[in-house]
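The block underneath contains the structure these notes are about, expressed in structure tokens.
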Amino acid sequence: MTIGRVAQLWRYPVKSLGGEQVEQTEFGPRGVLGDRLWAIRDLERDVTASARQLPVLLTATARYVGPLLPDTGPGNVPEVEIAFPDGAVWSSSDGGVHAKLSELADREVRLTALPPADDTSLHRMNRERRADAMSPATLRAGFGVTDGEKLPDVSMMRVSDLVALTQYSTPPGTFVDLAPVHVLSQTSMETIGAEIGGDVDVRRIRPNVLLALDHSEEDFPEARWTGAHLTLGEVVLDVTMPTVRCVVPSRAQPGFEVNRQVTRAVAARAERCLGVYCWVKSGGSVRIGDQVAVRPATVRRRYLGDAARRAKRLAFGLATGTADRLSR
């Protein structure tokens, strides 16, 4: 069933930096061609940096210098330019870019290209980093959750992804946090905007695809698509789970300041979820204006998904509850 059209397409050449809009792009198993092929390496912590811990990264933006070739990807990463808040523009080919990024971050960091997919050295965390990443304090800080609030329900995540998050800062072969594609509707954006009494800039939410839906009686229509197939032009996506939001939407970026109302509104109105995470079932080309269709999940798939969520919710609740009590 056709439900709308593609309103915007985004790619983020450097993880946690501002991205660039494109009129047309290719989708493959890794998601949008050229998405997050670079990252900022925190040398002190020996981990891939994130705007959750270093929000100042969002004040810089990145773009590719030239067209991307079809084989662009891990181990074959093209030149990128980074625009800094002071107006300076540095290329990834300039050795001074590392010092400029370190000045911005106020710690020693390095711009790093995504290595070949079989090289996990930039993804794997050591024991200390794993313990810190999964600690209740770190989880609460990352999600913007106070001591009196519950952690988000992550039972919608695949078991394989939950396991990977305990070992890797980002999934091997990618610098995305979890899923290859993030899809958001303008309807959901407008719902949050009405809650805070103002427009929400799409850059706060950082989707790959923004959809303009024809008609919707739901405040957050894509939240009901889990298990469905979403068609964008010639591309088919598996809608796997709602996107659990962290504190990043509240952070400052060029043109707007910190606004913690955004994170609070998402927590209050949408149980901390906004948009959906997708994996690519069938790749191809998508351009602005392409029609969008949704094929709902079968009853059997929804039933199995609900049963799995109940089991994971119980296991995760017990684990985080115990860790939370021991950390107090």
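By order in the structure tokens, chains are A, B, ...; within a chain, residues start at 1; ligands start at 1, following the order shown.
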Tell me which protein, DNA and RNA residues are within 8 Å of Gly28 of chain A, counting only C-alpha atoms, leaving out same-chain ones fewer than 5 positions away, and put them as a tab-separated table (two decimals) with N, CA and C atoms, in the first residue's frame.
```tsv
chain	number	residue	atom	x	y	z
A	33	LEU	N	24.92	4.34	0.77
A	33	LEU	CA	26.29	4.39	0.27
A	33	LEU	C	27.02	5.59	0.87
A	280	VAL	N	18.55	-3.72	5.18
A	280	VAL	CA	18.24	-3.70	3.75
A	280	VAL	C	17.97	-5.12	3.26
A	282	SER	N	16.50	-5.61	0.06
A	282	SER	CA	16.79	-5.56	-1.38
A	282	SER	C	17.32	-4.17	-1.71
A	283	GLY	N	18.57	-4.10	-2.16
A	283	GLY	CA	19.20	-2.81	-2.42
A	283	GLY	C	18.79	-2.20	-3.74
A	284	GLY	N	19.30	-0.99	-3.98
A	284	GLY	CA	18.99	-0.28	-5.21
A	284	GLY	C	19.10	1.22	-4.99
```
(message) Neighbouring residues of segment 254-270 of chain A were defined as those with any atom within 7 Å, considering only C-alpha atoms; residues of the same chain fewer than 5 positions away were excluded. Please report them as a list in words.
(response)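 Skipping anything fewer than 5 positions along the chain leaves Thr59, Ile192, Glu195, Ile196, Val247 and Pro249 of chain A.
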Please provide the set of residues having any atom within 9 Å of Arg30 of chain A, restricted to only C-alpha atoms, with same-chain residues fewer than 2 positions apart removed, written as a compact mmCIF listing (two decimals) with N, CA and C atoms, in the first residue's frame.
```txt
# COMPACT_ATOMS: atom_id res chain seq x y z
N PHE A 27 21.40 2.17 -1.92
CA PHE A 27 21.30 1.41 -0.68
C PHE A 27 21.85 0.01 -0.93
N GLY A 28 22.68 -0.46 0.00
CA GLY A 28 23.20 -1.82 -0.05
C GLY A 28 23.11 -2.45 1.32
N VAL A 32 22.99 3.21 3.47
CA VAL A 32 23.20 4.26 2.49
C VAL A 32 24.67 4.30 2.08
N LEU A 33 24.92 4.34 0.77
CA LEU A 33 26.29 4.39 0.27
C LEU A 33 27.02 5.59 0.87
N ASP A 35 27.64 6.17 4.05
CA ASP A 35 27.22 6.57 5.39
C ASP A 35 28.21 6.09 6.45
N GLY A 73 33.28 1.77 0.44
CA GLY A 73 32.88 1.02 1.62
C GLY A 73 34.06 0.72 2.50
N GLY A 173 32.66 -3.80 10.66
CA GLY A 173 32.35 -3.48 9.28
C GLY A 173 31.52 -2.23 9.11
N THR A 174 31.28 -1.50 10.21
CA THR A 174 30.48 -0.29 10.13
C THR A 174 30.77 0.61 11.31
N ALA A 179 21.92 -0.20 13.53
CA ALA A 179 21.29 -0.64 12.29
C ALA A 179 21.80 0.17 11.09
N PRO A 180 21.74 -0.41 9.89
CA PRO A 180 22.24 0.29 8.70
C PRO A 180 21.42 1.51 8.30
N VAL A 181 20.09 1.48 8.55
CA VAL A 181 19.23 2.55 8.05
C VAL A 181 18.28 3.02 9.15
N TRP A 279 16.98 -2.91 8.28
CA TRP A 279 18.04 -3.59 7.55
C TRP A 279 17.60 -3.69 6.09
N VAL A 280 18.55 -3.72 5.18
CA VAL A 280 18.24 -3.70 3.75
C VAL A 280 17.97 -5.12 3.26
```
Tell me, counting only C-alpha atoms, for each residue of segment 174-209 of chain A within 12 Å of segment 219-241 of chain A, which pair of atoms is nearest and how far apart they are in Å to one decimal, in rows ordered by chain and increasing number, as CSV.
```
residue,atom,partner,partner_atom,distance
A:Leu178,CA,A:Met241,CA,10.8
A:Ala179,CA,A:Thr240,CA,8.9
A:Pro180,CA,A:Leu237,CA,10.1
A:Val181,CA,A:Leu237,CA,8.5
A:His182,CA,A:Val239,CA,9.5
A:Val183,CA,A:Glu222,CA,8.3
A:Leu184,CA,A:Glu222,CA,7.2
A:Ser185,CA,A:Glu222,CA,7.0
A:Gln186,CA,A:Phe220,CA,9.3
A:Thr187,CA,A:Asp219,CA,6.6
A:Ser188,CA,A:Phe220,CA,4.8
A:Met189,CA,A:Phe220,CA,8.5
A:Glu190,CA,A:Asp219,CA,8.4
A:Thr191,CA,A:Asp219,CA,5.9
A:Ile192,CA,A:Asp219,CA,8.9
A:Gly193,CA,A:Asp219,CA,11.3
A:Ala194,CA,A:Asp219,CA,10.5
A:Glu195,CA,A:Asp219,CA,11.1
A:Val209,CA,A:Leu232,CA,9.4
```
Please, could you write that set of residues out with C-alpha atoms as a compact mmCIF listing (two decimals), in the first residue's frame?
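The new file part.txt reads:
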```
# COMPACT_ATOMS: atom_id res chain seq x y z
CA LEU A 178 23.29 -0.50 15.54
CA ALA A 179 21.29 -0.64 12.29
CA PRO A 180 22.24 0.29 8.70
CA VAL A 181 19.23 2.55 8.05
CA HIS A 182 17.25 4.95 10.23
CA VAL A 183 13.81 5.99 8.90
CA LEU A 184 11.65 8.78 10.34
CA SER A 185 8.33 10.35 9.36
CA GLN A 186 7.51 14.06 9.29
CA THR A 187 4.37 13.13 11.25
CA SER A 188 6.45 11.97 14.21
CA MET A 189 8.57 15.11 14.00
CA GLU A 190 5.44 17.26 14.06
CA THR A 191 4.10 15.36 17.08
CA ILE A 192 7.26 16.13 19.08
CA GLY A 193 7.23 19.71 17.80
CA ALA A 194 3.67 20.19 19.07
CA GLU A 195 4.73 18.78 22.44
CA VAL A 209 15.35 8.80 5.28
```
(request) Identify, on the basis of only C-alpha atoms, every residue whose closest approach to Ser93 of chain A does not exceed 9 Å; exclude the query and any residue fewer than 6 positions from it along the same chain; express the result as a ChimeraX atom specification. (result) /A:79-81
(request) List the neighbours of segment 41-51 of chain A out to 7 Å using only C-alpha atoms; skip same-chain residues closer than 2 positions along the sequence, and give me the result as a list in words. (result) Ser16, Ala39, Gln53, Leu54, Pro55, Leu57, Leu58, Glu108, Val109, Arg110, Leu111, Thr112, Ser169 and Val248 of chain A
Same residues, C-alpha atoms, output as a CSV table (one decimal), in the first residue's frame:
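New file selection30.csv:
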```csv
chain,number,residue,atom,x,y,z
A,16,SER,CA,28.7,11.9,15.2
A,39,ALA,CA,34.8,8.1,12.7
A,53,GLN,CA,30.0,11.5,25.3
A,54,LEU,CA,31.5,14.3,23.1
A,55,PRO,CA,28.5,16.5,22.1
A,57,LEU,CA,31.4,16.8,17.6
A,58,LEU,CA,27.9,17.8,16.4
A,108,GLU,CA,43.5,13.8,21.7
A,109,VAL,CA,41.4,12.3,18.9
A,110,ARG,CA,42.1,11.0,15.4
A,111,LEU,CA,40.0,10.9,12.2
A,112,THR,CA,39.9,7.3,11.2
A,169,SER,CA,31.7,-0.1,20.3
A,248,VAL,CA,21.8,13.4,21.1
```
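Nearest to Asp214 of chain A of all the residues A:Pro242, A:Gly198, A:Val292, A:Gly34 is A:Val292, based on only C-alpha atoms.
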(message) Which residue is closest to Val97 of chain A? Choose from A:Ala212, A:Ile40, A:Ser121, A:Met157 and count only C-alpha atoms.
(response)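 Ranked by minimum distance to Val97 of chain A, first place goes to A:Ile40.
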(request) Name the closest residue to Ala105 of chain A among the candidates A:His123, A:Val56, A:Asp201, A:Asp86; distances are taken between atoms, counting only C-alpha atoms. (result) A:Val56
